[in-house]
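Taking it in order: structure first as structure tokens, then the write-up.
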Amino acid sequence: MSIQTIRLAQSCALEARLAAEEFHAAVAQPNMELVIFFCSSEYDLNVLAEEINRLFAGVQVVGCTTAGEIGPAGYRTHSLTGASFPAGSCVAVNGLLDCLSQFDIARGHDFAQTLLQKLESKVSGASSDNTFAFMLIDGMSIREEPVTHALQYALGKIPLFGGSAGDDMKFTKTHVYSDGRFHSDSTVLILINTSLPFKIFKTQHFVSTDERLVVTEADPARRIVHEINGLSAAAEYARLVGVDVHELNSMSFAVSPVVVMIDGTDYVRSIQKANDDGNLAFYCAIEEGLVLRVAHGVDLVKNLEQTFDKIREEIGPPQLVFGCDCILRNLEISQNGLKDRVGEIFMRNNTIGFSSYGEQFRGVHVNQTLTGCAIGAAPESADAGARDD
């Protein structure tokens, strides 16, 4: 079967019904196997769901709300972006795991295994060479770490990446879309089997300094740090990065994140906000005794260009890149006047994605990174395979 083109689109219409109609008009094609979309939380989500159901009747559609969107129109807010996969380009299955507030590892394993069996009933020989997993999760669930780990464990060598849904930085309620409606306290997992070459990737642009921050009092269940180095968390962080505690804001945290070293690699543990009581709320798991270090950024644009150069070397020019780009990267890019440059790099590489409240790579939940999957054109030879970091 000849492989049709994956179609990408982005509607900047402000009204939900019109945005859905414009998006559908641009990506609709015969025999669609899968549609994935990312949308602003500013839309009337009930209207959007109703319209997507009507327009894409009978088609697998998954998605999530965002803190900003990436697509053919570049970096945007209050837009709807996504892609459609024609039959022949892939075989896909998806499932919804709800009630994350009551999540346990066994249920996560069963969920992923059942979905994998569903895929294998449609196509034989699903492996890391021809299959990847895309995870979208409620960004306010505070369950990303155990869910990510459990799903990746159950999937074995099939690589997983993903992003935490956003709500345009309101931090009140985020949603994933599956089975015709939007859900909170849930994650959706998509398994995609394809003969197209692909590459799972992760990149960040921070290096750690020698400034140590020891978490001396914390509430791990809520990702709240009360004390750092035995002092008020917000005040001590502000002192170490040279900012007045009363001036701490999202940009402070974007420019001067903290990292934890795991097996010789720095992983960002991003701060979400400073609370009025002097505590710090994090986007990632945190616990007492954790040793953090202040980090500083290197050239984000150069880092991004190098990432896409490497992708092109391995799979050729991508016809689609899914990108889960941390909201704090978005803020830094905006603050430094780089949105046009970064947006142009994304557009040049056919990137569809969103600004996220956290990212997933294999079995790990991370922050202030860009995770994704690049999908190349149809392989010219039978031995063209998939690669991942």
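As shown in the structure tokens, the chain order sets the letters A, B, ...; within each chain, residues go from 1, and ligands are also counted from 1 in the order they appear.
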- Find the residues near Gln10 of chain A: any atom within 12 Å, counting only C-alpha atoms, skip ones fewer than 2 places away on the same chain, and give them as a PyMOL selection string. chain A and resi 7-8+12-14+18-27+36-40+69-84+347+350-354
Go through segment 236-355 of chain A and collect every residue that DSSP, computed from the backbone, puts in strand (DSSP E); the answer should be as an mmCIF file with N, CA and C atoms, in the first residue's frame.
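Output file result.cif follows:
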```cif
data_model
loop_
_atom_site.group_PDB
_atom_site.id
_atom_site.type_symbol
_atom_site.label_atom_id
_atom_site.label_comp_id
_atom_site.auth_asym_id
_atom_site.auth_seq_id
_atom_site.Cartn_x
_atom_site.Cartn_y
_atom_site.Cartn_z
ATOM 1 N N VAL A 258 16.831 24.510 39.110
ATOM 2 C CA VAL A 258 17.694 23.643 39.907
ATOM 3 C C VAL A 258 17.679 22.256 39.269
ATOM 4 N N VAL A 259 18.796 21.540 39.426
ATOM 5 C CA VAL A 259 18.923 20.224 38.806
ATOM 6 C C VAL A 259 19.363 19.207 39.849
ATOM 7 N N VAL A 260 19.047 17.952 39.588
ATOM 8 C CA VAL A 260 19.532 16.836 40.393
ATOM 9 C C VAL A 260 20.328 15.934 39.455
ATOM 10 N N MET A 261 21.448 15.433 39.942
ATOM 11 C CA MET A 261 22.270 14.557 39.111
ATOM 12 C C MET A 261 21.889 13.099 39.352
ATOM 13 N N ILE A 262 21.567 12.382 38.278
ATOM 14 C CA ILE A 262 21.237 10.952 38.339
ATOM 15 C C ILE A 262 22.132 10.240 37.337
ATOM 16 N N THR A 265 24.026 12.411 34.908
ATOM 17 C CA THR A 265 23.257 13.306 34.030
ATOM 18 C C THR A 265 22.412 14.260 34.863
ATOM 19 N N ASP A 266 22.403 15.542 34.482
ATOM 20 C CA ASP A 266 21.587 16.531 35.179
ATOM 21 C C ASP A 266 20.142 16.460 34.701
ATOM 22 N N TYR A 267 19.218 16.386 35.652
ATOM 23 C CA TYR A 267 17.788 16.438 35.349
ATOM 24 C C TYR A 267 17.195 17.646 36.062
ATOM 25 N N VAL A 268 16.528 18.496 35.291
ATOM 26 C CA VAL A 268 15.963 19.713 35.864
ATOM 27 C C VAL A 268 14.763 19.372 36.741
ATOM 28 N N ILE A 271 10.894 24.746 39.370
ATOM 29 C CA ILE A 271 10.031 25.365 40.372
ATOM 30 C C ILE A 271 8.834 25.984 39.661
ATOM 31 N N GLN A 272 7.643 25.687 40.147
ATOM 32 C CA GLN A 272 6.427 26.238 39.554
ATOM 33 C C GLN A 272 6.146 27.647 40.049
ATOM 34 N N LYS A 273 6.211 27.821 41.387
ATOM 35 C CA LYS A 273 5.903 29.136 41.941
ATOM 36 C C LYS A 273 6.390 29.239 43.382
ATOM 37 N N ALA A 274 6.551 30.470 43.840
ATOM 38 C CA ALA A 274 6.839 30.756 45.249
ATOM 39 C C ALA A 274 5.521 31.104 45.919
ATOM 40 N N LEU A 280 8.217 26.718 48.250
ATOM 41 C CA LEU A 280 8.343 26.610 46.804
ATOM 42 C C LEU A 280 7.568 25.395 46.310
ATOM 43 N N ALA A 281 6.739 25.600 45.289
ATOM 44 C CA ALA A 281 6.008 24.501 44.661
ATOM 45 C C ALA A 281 6.756 24.084 43.400
ATOM 46 N N PHE A 282 6.949 22.779 43.224
ATOM 47 C CA PHE A 282 7.709 22.238 42.105
ATOM 48 C C PHE A 282 6.799 21.546 41.091
ATOM 49 N N VAL A 291 19.689 16.562 47.106
ATOM 50 C CA VAL A 291 20.708 17.588 46.868
ATOM 51 C C VAL A 291 20.512 18.161 45.471
ATOM 52 N N LEU A 292 20.214 19.439 45.427
ATOM 53 C CA LEU A 292 19.997 20.136 44.160
ATOM 54 C C LEU A 292 21.149 21.091 43.901
ATOM 55 N N ARG A 293 21.299 21.472 42.654
ATOM 56 C CA ARG A 293 22.287 22.493 42.295
ATOM 57 C C ARG A 293 21.626 23.520 41.386
ATOM 58 N N VAL A 294 22.029 24.765 41.528
ATOM 59 C CA VAL A 294 21.548 25.812 40.631
ATOM 60 C C VAL A 294 22.185 25.585 39.260
ATOM 61 N N ALA A 295 21.414 25.796 38.214
ATOM 62 C CA ALA A 295 21.922 25.621 36.852
ATOM 63 C C ALA A 295 21.798 26.927 36.076
ATOM 64 N N HIS A 296 22.574 27.021 35.033
ATOM 65 C CA HIS A 296 22.444 28.177 34.143
ATOM 66 C C HIS A 296 22.389 27.689 32.706
ATOM 67 N N GLY A 297 21.789 28.495 31.866
ATOM 68 C CA GLY A 297 21.551 28.078 30.502
ATOM 69 C C GLY A 297 22.712 28.344 29.570
ATOM 70 N N LEU A 320 7.245 14.948 10.147
ATOM 71 C CA LEU A 320 6.525 15.374 11.344
ATOM 72 C C LEU A 320 7.416 15.184 12.559
ATOM 73 N N VAL A 321 7.414 16.187 13.450
ATOM 74 C CA VAL A 321 8.045 16.053 14.761
ATOM 75 C C VAL A 321 6.999 16.398 15.813
ATOM 76 N N PHE A 322 6.739 15.465 16.727
ATOM 77 C CA PHE A 322 5.942 15.784 17.900
ATOM 78 C C PHE A 322 6.881 16.395 18.932
ATOM 79 N N GLY A 323 6.510 17.547 19.496
ATOM 80 C CA GLY A 323 7.360 18.190 20.485
ATOM 81 C C GLY A 323 6.597 18.580 21.733
ATOM 82 N N CYS A 324 7.077 18.123 22.889
ATOM 83 C CA CYS A 324 6.536 18.525 24.196
ATOM 84 C C CYS A 324 7.575 19.443 24.820
ATOM 85 N N ASP A 325 7.287 20.726 24.830
ATOM 86 C CA ASP A 325 8.261 21.769 25.150
ATOM 87 C C ASP A 325 7.855 22.455 26.452
ATOM 88 N N CYS A 326 8.691 22.356 27.475
ATOM 89 C CA CYS A 326 8.319 22.874 28.795
ATOM 90 C C CYS A 326 7.908 24.343 28.750
ATOM 91 N N THR A 351 7.307 20.702 13.065
ATOM 92 C CA THR A 351 7.018 20.363 14.453
ATOM 93 C C THR A 351 5.592 20.737 14.838
ATOM 94 N N ILE A 352 4.911 19.773 15.448
ATOM 95 C CA ILE A 352 3.583 19.959 16.024
ATOM 96 C C ILE A 352 3.710 19.641 17.509
ATOM 97 N N GLY A 353 3.215 20.513 18.366
ATOM 98 C CA GLY A 353 3.331 20.198 19.784
ATOM 99 C C GLY A 353 2.761 21.270 20.672
ATOM 100 N N PHE A 354 3.267 21.300 21.914
ATOM 101 C CA PHE A 354 2.677 22.225 22.875
ATOM 102 C C PHE A 354 3.636 22.539 24.005
ATOM 103 N N SER A 355 3.366 23.651 24.682
ATOM 104 C CA SER A 355 4.079 24.013 25.898
ATOM 105 C C SER A 355 3.448 23.242 27.049
#
```
- Item | Contact residues around Pro86 of chain A with only C-alpha atoms at 9 Å, ignoring same-chain residues under 4 positions, as a PyMOL selection string | chain A and resi 3-7+29-34+90
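For Lys202 of chain A, the list of residues within 9 Å, based on only C-alpha atoms and with local chain neighbours fewer than 5 positions off taken out, reads A:Phe161, A:Thr307, A:Phe361, A:Thr369, A:Leu370, A:Thr371, A:Gly372, A:Cys373, A:Asp389.
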Please produce a file of those selected residues containing all heavy atoms, as a PDB file, in the first residue's frame.
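Below is the file result_15.pdb, written as the result:
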```pdb
ATOM      1  N   PHE A 161       7.601   8.602  25.173  1.00  0.00           N
ATOM      2  CA  PHE A 161       7.836  10.022  25.431  1.00  0.00           C
ATOM      3  C   PHE A 161       6.481  10.672  25.648  1.00  0.00           C
ATOM      4  O   PHE A 161       5.435  10.063  25.388  1.00  0.00           O
ATOM      5  CB  PHE A 161       8.566  10.696  24.257  1.00  0.00           C
ATOM      6  CG  PHE A 161       7.663  11.026  23.097  1.00  0.00           C
ATOM      7  CD1 PHE A 161       7.161  12.304  22.921  1.00  0.00           C
ATOM      8  CD2 PHE A 161       7.290  10.040  22.192  1.00  0.00           C
ATOM      9  CE1 PHE A 161       6.313  12.596  21.864  1.00  0.00           C
ATOM     10  CE2 PHE A 161       6.449  10.318  21.128  1.00  0.00           C
ATOM     11  CZ  PHE A 161       5.958  11.601  20.969  1.00  0.00           C
ATOM     12  N   THR A 307      20.120  19.668  17.868  1.00  0.00           N
ATOM     13  CA  THR A 307      19.212  18.539  18.063  1.00  0.00           C
ATOM     14  C   THR A 307      18.563  18.126  16.754  1.00  0.00           C
ATOM     15  O   THR A 307      18.534  16.940  16.399  1.00  0.00           O
ATOM     16  CB  THR A 307      18.119  18.909  19.091  1.00  0.00           C
ATOM     17  OG1 THR A 307      18.732  19.191  20.354  1.00  0.00           O
ATOM     18  CG2 THR A 307      17.115  17.782  19.261  1.00  0.00           C
ATOM     19  N   PHE A 361      10.204  11.071  29.315  1.00  0.00           N
ATOM     20  CA  PHE A 361      11.157  10.453  28.395  1.00  0.00           C
ATOM     21  C   PHE A 361      11.517   9.085  28.941  1.00  0.00           C
ATOM     22  O   PHE A 361      12.074   8.977  30.034  1.00  0.00           O
ATOM     23  CB  PHE A 361      12.413  11.307  28.240  1.00  0.00           C
ATOM     24  CG  PHE A 361      13.382  10.767  27.218  1.00  0.00           C
ATOM     25  CD1 PHE A 361      13.103  10.868  25.862  1.00  0.00           C
ATOM     26  CD2 PHE A 361      14.557  10.155  27.625  1.00  0.00           C
ATOM     27  CE1 PHE A 361      13.996  10.363  24.923  1.00  0.00           C
ATOM     28  CE2 PHE A 361      15.452   9.650  26.687  1.00  0.00           C
ATOM     29  CZ  PHE A 361      15.179   9.755  25.333  1.00  0.00           C
ATOM     30  N   THR A 369      12.650  20.656  29.532  1.00  0.00           N
ATOM     31  CA  THR A 369      13.243  19.948  28.407  1.00  0.00           C
ATOM     32  C   THR A 369      12.289  20.008  27.221  1.00  0.00           C
ATOM     33  O   THR A 369      11.129  20.400  27.348  1.00  0.00           O
ATOM     34  CB  THR A 369      13.502  18.467  28.738  1.00  0.00           C
ATOM     35  OG1 THR A 369      12.256  17.838  29.034  1.00  0.00           O
ATOM     36  CG2 THR A 369      14.431  18.290  29.916  1.00  0.00           C
ATOM     37  N   LEU A 370      12.800  19.598  26.087  1.00  0.00           N
ATOM     38  CA  LEU A 370      11.981  19.330  24.909  1.00  0.00           C
ATOM     39  C   LEU A 370      12.088  17.835  24.648  1.00  0.00           C
ATOM     40  O   LEU A 370      13.186  17.322  24.404  1.00  0.00           O
ATOM     41  CB  LEU A 370      12.497  20.111  23.699  1.00  0.00           C
ATOM     42  CG  LEU A 370      11.893  19.743  22.335  1.00  0.00           C
ATOM     43  CD1 LEU A 370      10.412  20.102  22.266  1.00  0.00           C
ATOM     44  CD2 LEU A 370      12.669  20.424  21.202  1.00  0.00           C
ATOM     45  N   THR A 371      10.979  17.121  24.786  1.00  0.00           N
ATOM     46  CA  THR A 371      10.974  15.706  24.428  1.00  0.00           C
ATOM     47  C   THR A 371      10.111  15.546  23.184  1.00  0.00           C
ATOM     48  O   THR A 371       9.216  16.359  22.925  1.00  0.00           O
ATOM     49  CB  THR A 371      10.405  14.813  25.551  1.00  0.00           C
ATOM     50  OG1 THR A 371       9.023  15.147  25.780  1.00  0.00           O
ATOM     51  CG2 THR A 371      11.185  14.993  26.839  1.00  0.00           C
ATOM     52  N   GLY A 372      10.377  14.509  22.417  1.00  0.00           N
ATOM     53  CA  GLY A 372       9.576  14.355  21.221  1.00  0.00           C
ATOM     54  C   GLY A 372       9.914  13.126  20.419  1.00  0.00           C
ATOM     55  O   GLY A 372      10.733  12.285  20.822  1.00  0.00           O
ATOM     56  N   CYS A 373       9.270  13.039  19.267  1.00  0.00           N
ATOM     57  CA  CYS A 373       9.514  11.964  18.314  1.00  0.00           C
ATOM     58  C   CYS A 373       9.492  12.561  16.919  1.00  0.00           C
ATOM     59  O   CYS A 373       8.522  13.219  16.536  1.00  0.00           O
ATOM     60  CB  CYS A 373       8.456  10.874  18.444  1.00  0.00           C
ATOM     61  SG  CYS A 373       8.690   9.495  17.277  1.00  0.00           S
ATOM     62  N   ASP A 389      17.427   7.537  21.339  1.00  0.00           N
ATOM     63  CA  ASP A 389      18.521   7.786  22.284  1.00  0.00           C
ATOM     64  C   ASP A 389      18.480   6.788  23.426  1.00  0.00           C
ATOM     65  O   ASP A 389      17.421   6.381  23.849  1.00  0.00           O
ATOM     66  CB  ASP A 389      18.390   9.211  22.871  1.00  0.00           C
ATOM     67  CG  ASP A 389      18.774  10.261  21.850  1.00  0.00           C
ATOM     68  OD1 ASP A 389      19.540   9.921  20.930  1.00  0.00           O
ATOM     69  OD2 ASP A 389      18.303  11.401  21.978  1.00  0.00           O
TER      70      ASP A 389
END
```
- Item | Counting only C-alpha atoms, the option among A:Gly343, A:Gly264, A:Pro257, A:Gly289 closest to Gln368 of chain A |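 Using only C-alpha atoms, the shortest distance to Gln368 of chain A belongs to A:Pro257.
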- Message: To one decimal place in Å, what is the distance between atom CA of Val298 of chain A and atom CA of Gly166 of chain A?
- Response: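 Spanning atom CA of Val298 of chain A to atom CA of Gly166 of chain A is a straight-line distance of 25.8 Å.
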- Query: Restricting the calculation to only C-alpha atoms, which member of A:Ser127, A:Ser101, A:Gln113, A:Asn367 is positioned closest to Met140 of chain A?
  - Reply: A:Ser101
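Between Arg362 of chain A and the residues A:Leu248, A:Ala154, A:Val207, A:Val176, the shortest atom-to-atom distance, using only C-alpha atoms, involves A:Ala154.
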Exercise: Val214 of chain A partners within 6 Å, only C-alpha atoms, chain neighbours under 6 positions left out, as a PDB file with C-alpha atoms, in the first residue's frame:
```pdb
ATOM      1  CA  ILE A 228      16.402  24.584  51.748  1.00  0.00           C
ATOM      2  CA  ASN A 229      19.692  24.398  53.672  1.00  0.00           C
ATOM      3  CA  LEU A 290      17.602  15.687  47.941  1.00  0.00           C
ATOM      4  CA  VAL A 291      20.708  17.588  46.868  1.00  0.00           C
TER       5      VAL A 291
END
```
- Message: I'd like the interatomic distance between atom CA of Leu119 of chain A and atom CA of Ile158 of chain A, to a tenth of an Å.
- Response: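 Between atom CA of Leu119 of chain A and atom CA of Ile158 of chain A the gap is 12.4 Å.
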- Message: So the first atom is atom CA of Gly363 of chain A and the second is atom CA of Thr114 of chain A; what is the distance between them in Å, to one decimal place?
- Response: 18.3 Å
- Query: Within 12 Å of Glu313 of chain A, counting only C-alpha atoms, which residues qualify if same-chain residues fewer than 2 places away don't, as an MDAnalysis selection string?
  - Reply: chainID A and resid 197:199 306:311 315:318 374 376 387
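Closest to Cys284 of chain A among A:Arg222, A:His205, A:His183, A:Arg107 is A:Arg222, based on only C-alpha atoms.
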- Which polymer residues have any atom within 8 Å of an atom of Met251 of chain A, counting only C-alpha atoms, with same-chain residues fewer than 6 positions away left out, as a ChimeraX atom specification? /A:328,331-332,335
- Message: Restricting the calculation to only C-alpha atoms: of A:Ala377, A:Leu116, A:Ala67, A:Val147, which residue gets closest to Gln102 of chain A?
- Response: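 Between A:Ala377, A:Leu116, A:Ala67, A:Val147, the residue approaching Gln102 of chain A most closely is A:Val147.
Closest approach to Asp44 of chain A among A:Gln152, A:Thr65, A:Thr203, A:Gln60: A:Thr65, based on only C-alpha atoms.
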